[in-house]
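What follows is target09.cif (mmCIF, C-alpha atoms).
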data_start
#
loop_
_atom_site.label_atom_id
_atom_site.label_comp_id
_atom_site.auth_asym_id
_atom_site.auth_seq_id
_atom_site.Cartn_x
_atom_site.Cartn_y
_atom_site.Cartn_z
CA MET M 1 -51.59 -26.26 14.50
CA THR M 2 -48.80 -25.66 17.00
CA SER M 3 -46.70 -28.45 15.49
CA LYS M 4 -47.15 -27.07 11.99
CA LYS M 5 -46.31 -23.56 13.15
CA ASN M 6 -43.15 -24.74 14.89
CA HIS M 7 -42.16 -26.63 11.76
CA MET M 8 -42.61 -23.50 9.61
CA THR M 9 -40.63 -21.38 12.07
CA ALA M 10 -37.77 -23.86 12.08
CA ALA M 11 -37.77 -23.97 8.27
CA SER M 12 -37.70 -20.17 8.07
CA LYS M 13 -34.78 -19.99 10.50
CA LYS M 14 -32.93 -22.55 8.45
CA THR M 15 -33.36 -20.60 5.24
CA SER M 16 -32.53 -17.28 6.91
CA MET M 17 -29.24 -18.51 8.40
CA PRO M 18 -26.29 -16.62 6.90
CA GLN M 19 -24.46 -18.52 4.22
CA LYS M 20 -20.70 -18.85 4.33
CA SER M 21 -19.10 -16.27 2.13
CA SER M 22 -17.28 -17.65 -0.89
CA SER M 23 -15.40 -14.36 -1.37
CA ALA M 24 -12.85 -15.02 1.40
CA PRO M 25 -10.51 -17.20 -0.70
CA LYS M 26 -10.75 -14.70 -3.57
CA ARG M 27 -9.98 -11.83 -1.21
CA ILE M 28 -6.97 -13.67 0.22
CA ARG M 29 -5.70 -14.49 -3.27
CA GLY M 30 -6.19 -10.84 -4.29
CA GLU M 31 -4.22 -9.64 -1.29
CA ARG M 32 -1.46 -12.15 -2.09
CA GLN M 33 -1.30 -10.94 -5.67
CA ILE M 34 -0.89 -7.34 -4.47
CA GLN M 35 1.92 -8.36 -2.10
CA ILE M 36 3.76 -10.23 -4.85
CA TYR M 37 3.26 -7.32 -7.26
CA GLN M 38 4.63 -4.81 -4.75
CA ASN M 39 7.64 -6.98 -3.89
CA LEU M 40 8.56 -7.66 -7.51
CA ARG M 41 8.00 -4.02 -8.47
CA ARG M 42 10.36 -2.89 -5.70
CA GLU M 43 13.02 -5.38 -6.79
CA ILE M 44 12.75 -4.31 -10.44
CA LEU M 45 12.83 -0.57 -9.72
CA THR M 46 15.80 -0.82 -7.37
CA LEU M 47 17.58 -3.06 -9.89
CA GLY M 48 17.57 -6.00 -7.50
CA LEU M 49 16.13 -7.79 -10.53
CA ARG M 50 18.24 -6.69 -13.47
CA PRO M 51 16.80 -5.79 -16.89
CA GLY M 52 16.41 -8.86 -19.08
CA VAL M 53 16.38 -11.36 -16.19
CA PRO M 54 13.84 -14.18 -16.81
CA LEU M 55 10.96 -14.52 -14.34
CA ASP M 56 9.83 -18.11 -13.89
CA GLU M 57 6.31 -18.49 -12.45
CA THR M 58 7.08 -21.79 -10.71
CA HIS M 59 10.23 -20.42 -9.08
CA LEU M 60 8.42 -17.25 -7.97
CA ALA M 61 5.51 -19.28 -6.58
CA GLN M 62 7.99 -21.24 -4.46
CA LYS M 63 9.74 -18.04 -3.39
CA PHE M 64 6.50 -16.42 -2.21
CA GLU M 65 5.05 -19.73 -0.94
CA THR M 66 1.91 -19.52 -3.01
CA SER M 67 0.29 -20.95 -6.13
CA ARG M 68 1.12 -19.78 -9.63
CA SER M 69 -2.17 -17.90 -10.13
CA PRO M 70 -1.40 -14.80 -7.98
CA VAL M 71 2.14 -14.77 -9.41
CA ARG M 72 0.75 -14.75 -12.95
CA GLU M 73 -1.68 -11.94 -12.07
CA ALA M 74 1.13 -9.89 -10.53
CA LEU M 75 3.28 -10.33 -13.64
CA ILE M 76 0.41 -9.23 -15.90
CA LYS M 77 0.00 -6.09 -13.79
CA LEU M 78 3.75 -5.40 -13.96
CA ALA M 79 3.60 -5.83 -17.73
CA GLY M 80 0.92 -3.13 -17.77
CA ASP M 81 3.37 -0.85 -15.94
CA GLY M 82 5.99 -1.51 -18.60
CA LEU M 83 8.29 -3.22 -16.09
CA VAL M 84 7.86 -6.80 -17.31
CA LEU M 85 7.87 -8.19 -20.82
CA ILE M 86 5.65 -11.19 -21.63
CA LEU M 87 6.89 -12.87 -24.80
CA PRO M 88 4.71 -14.73 -27.35
CA ASN M 89 6.13 -18.08 -26.16
CA ARG M 90 4.72 -17.21 -22.69
CA SER M 91 8.14 -16.71 -21.13
CA THR M 92 8.45 -13.59 -18.97
CA LEU M 93 11.40 -11.35 -18.22
CA VAL M 94 12.20 -8.03 -16.61
CA ALA M 95 11.76 -5.34 -19.26
CA PRO M 96 15.10 -4.67 -20.96
CA PHE M 97 16.76 -1.31 -20.51
CA ASP M 98 17.85 -0.12 -23.95
CA LEU M 99 20.26 2.82 -23.70
CA LEU M 100 19.73 3.58 -27.39
CA LEU M 101 16.07 4.34 -26.69
CA ILE M 102 16.76 6.77 -23.84
CA PRO M 103 16.57 9.91 -26.06
CA LYS M 104 13.17 8.79 -27.40
CA TYR M 105 12.00 8.01 -23.87
CA LEU M 106 13.05 11.45 -22.62
CA ASP M 107 11.26 13.13 -25.56
CA ALA M 108 8.04 11.26 -24.76
CA LEU M 109 8.32 12.01 -21.04
CA SER M 110 8.85 15.72 -21.67
CA LEU M 111 5.91 15.94 -24.07
CA LEU M 112 3.46 14.17 -21.75
CA GLN M 113 4.71 16.05 -18.71
CA ARG M 114 4.20 19.38 -20.42
CA THR M 115 0.75 18.34 -21.67
CA THR M 116 -0.59 16.99 -18.37
CA HIS M 117 0.75 19.89 -16.32
CA HIS M 118 -0.62 22.45 -18.80
CA LEU M 119 -4.08 20.87 -18.66
CA ALA M 120 -3.91 20.53 -14.87
CA ALA M 121 -3.66 24.31 -14.56
CA LEU M 122 -6.82 24.67 -16.66
CA GLN M 123 -8.89 21.74 -15.37
CA ARG M 124 -7.91 21.29 -11.71
CA SER M 125 -10.49 21.41 -8.96
CA ASP M 126 -9.92 22.41 -5.34
CA GLN M 127 -9.80 18.71 -4.46
CA HIS M 128 -7.15 18.09 -7.11
CA LEU M 129 -5.09 20.96 -5.73
CA GLU M 130 -5.36 19.56 -2.22
CA SER M 131 -4.13 16.14 -3.45
CA ILE M 132 -1.19 17.76 -5.24
CA LYS M 133 -0.16 19.69 -2.12
CA LYS M 134 -0.48 16.59 0.05
CA ALA M 135 1.72 14.62 -2.36
CA HIS M 136 4.28 17.43 -2.31
CA THR M 137 4.39 17.35 1.51
CA CYS M 138 5.08 13.60 1.43
CA PHE M 139 7.78 14.17 -1.18
CA MET M 140 9.57 16.83 0.88
CA GLU M 141 9.44 14.64 3.99
CA ALA M 142 11.07 11.82 2.02
CA VAL M 143 13.79 14.18 0.72
CA GLU M 144 14.54 15.36 4.26
CA LYS M 145 14.88 11.75 5.44
CA ASN M 146 17.33 11.08 2.59
CA ASP M 147 15.57 7.85 1.67
CA SER M 148 16.06 7.53 -2.09
CA SER M 149 13.51 4.75 -2.65
CA VAL M 150 10.74 6.54 -0.75
CA THR M 151 11.65 9.85 -2.41
CA ILE M 152 11.42 8.38 -5.90
CA GLU M 153 8.00 6.86 -5.12
CA ALA M 154 6.82 10.16 -3.63
CA ASN M 155 8.04 12.04 -6.70
CA LEU M 156 5.99 9.74 -8.92
CA GLU M 157 2.89 10.26 -6.76
CA PHE M 158 3.35 14.04 -6.93
CA HIS M 159 3.46 14.12 -10.73
CA LEU M 160 0.62 11.62 -10.99
CA ALA M 161 -1.51 13.85 -8.75
CA ILE M 162 -0.90 16.69 -11.21
CA SER M 163 -1.71 14.40 -14.12
CA GLU M 164 -5.00 13.37 -12.49
CA ALA M 165 -5.88 17.07 -12.34
CA SER M 166 -5.62 17.23 -16.13
CA CYS M 167 -8.87 15.20 -16.21
CA ASN M 168 -7.70 13.19 -19.21
CA PRO M 169 -7.36 9.49 -18.32
CA TYR M 170 -5.60 8.68 -21.60
CA PHE M 171 -2.78 11.15 -20.97
CA THR M 172 -2.59 10.04 -17.33
CA ALA M 173 -2.30 6.34 -18.22
CA ALA M 174 0.46 6.97 -20.76
CA TYR M 175 2.28 9.34 -18.42
CA LYS M 176 2.09 6.86 -15.53
CA ARG M 177 3.63 4.15 -17.69
CA LEU M 178 6.53 6.45 -18.61
CA LEU M 179 7.07 7.46 -14.99
CA ASN M 180 7.16 3.80 -13.94
CA GLU M 181 9.72 2.99 -16.61
CA GLY M 182 11.83 6.00 -15.65
CA MET M 183 12.01 5.05 -11.98
CA ARG M 184 14.81 2.62 -12.74
CA MET M 185 16.77 5.47 -14.31
CA GLN M 186 16.16 7.56 -11.21
CA HIS M 187 17.38 4.79 -8.93
CA MET M 188 20.53 4.44 -11.02
CA HIS M 189 21.69 8.03 -10.63
CA ILE M 190 20.05 9.05 -7.34
CA GLU M 191 21.48 6.07 -5.44
CA TYR M 192 24.92 7.29 -6.55
CA MET M 193 24.57 11.09 -6.63
CA GLY M 194 21.89 11.73 -4.01
CA TRP M 195 18.95 14.15 -4.01
CA SER M 196 19.15 17.28 -1.84
CA PRO M 197 16.38 19.77 -0.91
CA ASP M 198 18.36 22.56 -2.63
CA GLU M 199 18.35 20.97 -6.07
CA PRO M 200 16.39 22.84 -8.78
CA GLY M 201 14.29 19.74 -9.47
CA VAL M 202 13.13 19.66 -5.85
CA ARG M 203 12.49 23.40 -5.57
CA GLY M 204 10.59 23.31 -8.86
CA HIS M 205 7.74 21.33 -7.33
CA GLN M 206 6.46 24.30 -5.33
CA GLU M 207 6.67 26.53 -8.40
CA MET M 208 4.52 24.03 -10.29
CA ILE M 209 1.94 24.05 -7.51
CA ASP M 210 1.82 27.85 -7.55
CA ALA M 211 1.34 27.94 -11.34
CA ILE M 212 -1.42 25.31 -11.22
CA GLU M 213 -3.13 27.05 -8.31
CA SER M 214 -3.14 30.37 -10.20
CA ARG M 215 -4.31 28.55 -13.36
CA ASP M 216 -1.29 29.77 -15.34
CA ALA M 217 -1.19 26.97 -17.92
CA GLU M 218 1.73 28.37 -19.94
CA LEU M 219 3.92 28.74 -16.86
CA ALA M 220 2.96 25.26 -15.63
CA GLU M 221 3.96 23.82 -19.01
CA GLN M 222 7.27 25.69 -19.03
CA LEU M 223 8.10 24.51 -15.51
CA ALA M 224 7.25 20.94 -16.51
CA LYS M 225 9.58 21.28 -19.51
CA ASN M 226 12.37 22.63 -17.30
CA HIS M 227 11.79 19.81 -14.83
CA ALA M 228 12.11 17.18 -17.55
CA GLU M 229 15.32 18.80 -18.83
CA GLN M 230 16.80 18.78 -15.32
CA PHE M 231 16.11 15.05 -15.12
CA ASP M 232 17.76 14.57 -18.53
CA GLN M 233 20.87 16.45 -17.45
CA ALA M 234 21.11 14.63 -14.12
CA PHE M 235 20.93 11.23 -15.76
CA ILE M 236 23.41 12.14 -18.50
CA ARG M 237 25.73 13.54 -15.82
CA PHE M 238 25.49 10.21 -14.01
CA LEU M 239 26.31 8.25 -17.17
CA SER M 240 29.34 10.44 -17.81
CA GLN M 241 30.72 10.06 -14.27
CA ARG M 242 34.01 8.29 -14.12
CA LEU M 243 33.98 6.25 -10.97
CA SER M 244 37.70 5.64 -11.34
CA GLU M 245 38.33 9.33 -10.58
CA HIS M 246 37.51 8.62 -6.92
CA ILE M 247 39.95 5.71 -6.65
CA LYS M 248 43.35 6.55 -5.27
CA ILE M 249 46.28 4.44 -6.40
CA ILE M 250 49.06 4.24 -3.84
CA SER M 251 52.44 3.37 -5.30
CA SER M 252 54.92 1.48 -3.17
#
Rewrite the structure from the file as structure tokens, please.
Amino acid sequence: MTSKKNHMTAASKKTSMPQKSSSAPKRIRGERQIQIYQNLRREILTLGLRPGVPLDETHLAQKFETSRSPVREALIKLAGDGLVLILPNRSTLVAPFDLLLIPKYLDALSLLQRTTHHLAALQRSDQHLESIKKAHTCFMEAVEKNDSSVTIEANLEFHLAISEASCNPYFTAAYKRLLNEGMRMQHMHIEYMGWSPDEPGVRGHQEMIDAIESRDAELAEQLAKNHAEQFDQAFIRFLSQRLSEHIKIISS
């Protein structure tokens, strides 16, 4: 009896021993994919990778010292952000930047910004409002530090927090895609012209928060429209800048 009992106990211990988790490699690969995505996204947005540049999976896998699978997953995610273009022949390149489409882009951005901010004033919860205010604090801290890359990211998070408060995931998804595409435009003119705390576009954030907090949908929409127009004007002003005006020619 004792022998049989010991045998049963040993068998039960054997079956109850924890099995090795098979999720570890998947988790590591997932973390690697996120790292590659974040690195490539940063390079694209800051124009380290120029529009139209081809992205070769094998080359990128060597660069990041990994297999092609996490690279491919990162590229698919970037394509969803509108930052990478995957062609039918399976070649991949940084999404082109077509100056002729800028007016249409700005129209779409203005329309979605007005819509999401209008709805946010009507639909927001106290938790939404708290998230918006927190994002604004991060934005102002980035402006004070004069870090253009961090400021641009913080600006995106602020407007996305407002969009989330609209409680319409379809508008939010479309708006997020437009904001991602527009970040390259922001880097182009902000890197050159700067972004100060006194600019109307910066001051307008607090006015938006006040309108959303008081549930004034019409005012929130108008402020969003003004904000989009300020971005339009800033970018057009950048394009019209003549860099040669700052070059002094000394004659002998």
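Closest approach to Gly80 of chain M among M:Ile132, M:Ala95, M:Ile152, M:Leu122: M:Ala95, based on all atoms listed in the file.
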Segment 137-143 of chain M: axis-aligned bounding box, 5 Å on each side, centre and edge lengths in Å, one decimal, as lines of an AutoDock Vina configuration file:
center_x = 9.1
center_y = 14.6
center_z = 1.4
size_x = 19.4
size_y = 15.5
size_z = 15.2
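Residues in contact range of Ile102 of chain M, defined as at most 10 Å between only C-alpha atoms, with sequence neighbours fewer than 6 positions away removed, read Ala108, Gly182, Met185 and Asp232 of chain M.
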Requested in this report: For atom CA of Ser131 of chain M and atom CA of Glu157 of chain M, quote the distance in Å rounded to one decimal.
Outcome: 9.7 Å
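Distances to Pro54 of chain M were evaluated for M:Tyr37, M:Phe158, M:Ile236, M:Pro96 using only C-alpha atoms, and the minimum falls at M:Pro96.
Non-sequential neighbours of Ala74 of chain M (distance at most 8 Å, separation of 4 or more positions within a chain, all atoms listed in the file) are Gln33, Ile34, Ile36, Tyr37, Pro70 and Leu78 of chain M.
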Query raised in the report: Applied to this file, what does the PyMOL selection byres ((chain M and resi 35) around 12) return in terms of residues, put as a list in words?
Result: Ile28, Arg29, Gly30, Glu31, Arg32, Gln33, Ile34, Ile36, Tyr37, Gln38, Asn39, Leu40, Arg41, Arg42, Phe64, Glu65, Thr66, Pro70, Val71, Glu73, Ala74 and Leu75 of chain M
Report task. Excluding Glu164 of chain M and any residue of its chain fewer than 6 positions from it, enumerate the residues within 10 Å of it, using only C-alpha atoms, and give them as JSON, numbers by chain. Result -> {"M": [116, 117, 119, 120, 123, 124, 128, 131, 132, 171, 172, 173]}
Could you dump the residues just selected with C-alpha atoms as a compact mmCIF listing (two decimals), in the frame of the given file?
# COMPACT_ATOMS: atom_id res chain seq x y z
CA THR M 116 -0.59 16.99 -18.37
CA HIS M 117 0.75 19.89 -16.32
CA LEU M 119 -4.08 20.87 -18.66
CA ALA M 120 -3.91 20.53 -14.87
CA GLN M 123 -8.89 21.74 -15.37
CA ARG M 124 -7.91 21.29 -11.71
CA HIS M 128 -7.15 18.09 -7.11
CA SER M 131 -4.13 16.14 -3.45
CA ILE M 132 -1.19 17.76 -5.24
CA PHE M 171 -2.78 11.15 -20.97
CA THR M 172 -2.59 10.04 -17.33
CA ALA M 173 -2.30 6.34 -18.22
Query raised in the report: Could you pull the residues within 12 Å of Lys225 of chain M, counting only C-alpha atoms, minus those fewer than 6 positions along the same chain, as a PyMOL selection string?
Result: chain M and resi 106-118+201+204+208+218-219+231-232
Query - Residue nearest Gln186 of chain M among M:Tyr105, M:Leu99, M:Phe238, M:Cys138 (counting all atoms listed in the file) - result: M:Phe238
Query raised in the report: What does the distance between atom CA of Glu153 of chain M and atom CA of Ala61 of chain M come to in Å, to one decimal place?
Result: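 So the answer is 26.3 Å.
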Query raised in the report: Distance atom CA of Met140 of chain M-atom CA of Asp216 of chain M, one decimal place?
Result: 23.4 Å
Can you spell out as a PDB file with C-alpha atoms, in the coordinates of the input the set of residues that the PyMOL selection byres ((chain M and resi 180) around 9) selects in the structure I just provided?
ATOM      1  CA  LEU M  45      12.830  -0.570  -9.720  1.00  0.00           C
ATOM      2  CA  ASP M  81       3.370  -0.850 -15.940  1.00  0.00           C
ATOM      3  CA  GLY M  82       5.990  -1.510 -18.600  1.00  0.00           C
ATOM      4  CA  LEU M  83       8.290  -3.220 -16.090  1.00  0.00           C
ATOM      5  CA  LEU M 156       5.990   9.740  -8.920  1.00  0.00           C
ATOM      6  CA  TYR M 175       2.280   9.340 -18.420  1.00  0.00           C
ATOM      7  CA  LYS M 176       2.090   6.860 -15.530  1.00  0.00           C
ATOM      8  CA  ARG M 177       3.630   4.150 -17.690  1.00  0.00           C
ATOM      9  CA  LEU M 178       6.530   6.450 -18.610  1.00  0.00           C
ATOM     10  CA  LEU M 179       7.070   7.460 -14.990  1.00  0.00           C
ATOM     11  CA  GLU M 181       9.720   2.990 -16.610  1.00  0.00           C
ATOM     12  CA  GLY M 182      11.830   6.000 -15.650  1.00  0.00           C
ATOM     13  CA  MET M 183      12.010   5.050 -11.980  1.00  0.00           C
ATOM     14  CA  ARG M 184      14.810   2.620 -12.740  1.00  0.00           C
TER      15      ARG M 184
END
Query raised in the report: segment 133-136 of chain M: which residues within 8 Å, counting only C-alpha atoms, same-chain residues fewer than 5 positions away excluded, as an MDAnalysis selection string?
Result: chainID M and resid 154:155 157:158 161 205:206 209
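With only C-alpha atoms taken into account, every residue lying no more than 12 Å from the file point (20.7, -3.0, -8.2) is included here: M:Arg42, M:Glu43, M:Ile44, M:Leu45, M:Thr46, M:Leu47, M:Gly48, M:Leu49, M:Arg50, M:Pro51, M:Ser149, M:Arg184, M:Met185, M:Gln186, M:His187, M:Met188, M:His189, M:Glu191, M:Tyr192.
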Requested in this report: Check the smallest atom-to-atom distance from each of M:Leu223, M:Thr151, M:Ala121, M:Gly52 to Asp98 of chain M using only C-alpha atoms, then report the winner.
Outcome: M:Gly52
Rebuild segment 174-187 of chain M so that it carries N, CA and C atoms, then output the result as a PDB file, in the coordinates of the input.
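Saved file result30.pdb follows:
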ATOM      1  N   ALA M 174      -0.806   6.993 -20.019  1.00  0.00           N
ATOM      2  CA  ALA M 174       0.460   6.970 -20.760  1.00  0.00           C
ATOM      3  C   ALA M 174       1.589   7.587 -19.941  1.00  0.00           C
ATOM      4  N   TYR M 175       1.284   8.656 -19.252  1.00  0.00           N
ATOM      5  CA  TYR M 175       2.280   9.340 -18.420  1.00  0.00           C
ATOM      6  C   TYR M 175       2.716   8.458 -17.256  1.00  0.00           C
ATOM      7  N   LYS M 176       1.772   7.760 -16.651  1.00  0.00           N
ATOM      8  CA  LYS M 176       2.090   6.860 -15.530  1.00  0.00           C
ATOM      9  C   LYS M 176       3.021   5.751 -15.999  1.00  0.00           C
ATOM     10  N   ARG M 177       2.774   5.219 -17.155  1.00  0.00           N
ATOM     11  CA  ARG M 177       3.630   4.150 -17.690  1.00  0.00           C
ATOM     12  C   ARG M 177       5.061   4.662 -17.874  1.00  0.00           C
ATOM     13  N   LEU M 178       5.194   5.869 -18.415  1.00  0.00           N
ATOM     14  CA  LEU M 178       6.530   6.450 -18.610  1.00  0.00           C
ATOM     15  C   LEU M 178       7.220   6.699 -17.279  1.00  0.00           C
ATOM     16  N   LEU M 179       6.482   7.209 -16.310  1.00  0.00           N
ATOM     17  CA  LEU M 179       7.070   7.460 -14.990  1.00  0.00           C
ATOM     18  C   LEU M 179       7.553   6.167 -14.359  1.00  0.00           C
ATOM     19  N   ASN M 180       6.758   5.098 -14.483  1.00  0.00           N
ATOM     20  CA  ASN M 180       7.160   3.800 -13.940  1.00  0.00           C
ATOM     21  C   ASN M 180       8.443   3.307 -14.593  1.00  0.00           C
ATOM     22  N   GLU M 181       8.521   3.433 -15.915  1.00  0.00           N
ATOM     23  CA  GLU M 181       9.720   2.990 -16.610  1.00  0.00           C
ATOM     24  C   GLU M 181      10.935   3.820 -16.209  1.00  0.00           C
ATOM     25  N   GLY M 182      10.716   5.108 -15.984  1.00  0.00           N
ATOM     26  CA  GLY M 182      11.830   6.000 -15.650  1.00  0.00           C
ATOM     27  C   GLY M 182      12.329   5.863 -14.230  1.00  0.00           C
ATOM     28  N   MET M 183      11.581   5.182 -13.364  1.00  0.00           N
ATOM     29  CA  MET M 183      12.010   5.050 -11.980  1.00  0.00           C
ATOM     30  C   MET M 183      13.315   4.275 -11.853  1.00  0.00           C
ATOM     31  N   ARG M 184      13.541   3.338 -12.766  1.00  0.00           N
ATOM     32  CA  ARG M 184      14.810   2.620 -12.740  1.00  0.00           C
ATOM     33  C   ARG M 184      15.966   3.554 -13.062  1.00  0.00           C
ATOM     34  N   MET M 185      15.750   4.479 -13.986  1.00  0.00           N
ATOM     35  CA  MET M 185      16.770   5.470 -14.310  1.00  0.00           C
ATOM     36  C   MET M 185      17.045   6.361 -13.113  1.00  0.00           C
ATOM     37  N   GLN M 186      15.983   6.730 -12.396  1.00  0.00           N
ATOM     38  CA  GLN M 186      16.160   7.560 -11.210  1.00  0.00           C
ATOM     39  C   GLN M 186      16.962   6.831 -10.143  1.00  0.00           C
ATOM     40  N   HIS M 187      16.630   5.561  -9.926  1.00  0.00           N
ATOM     41  CA  HIS M 187      17.380   4.790  -8.930  1.00  0.00           C
ATOM     42  C   HIS M 187      18.851   4.696  -9.298  1.00  0.00           C
TER      43      HIS M 187
END
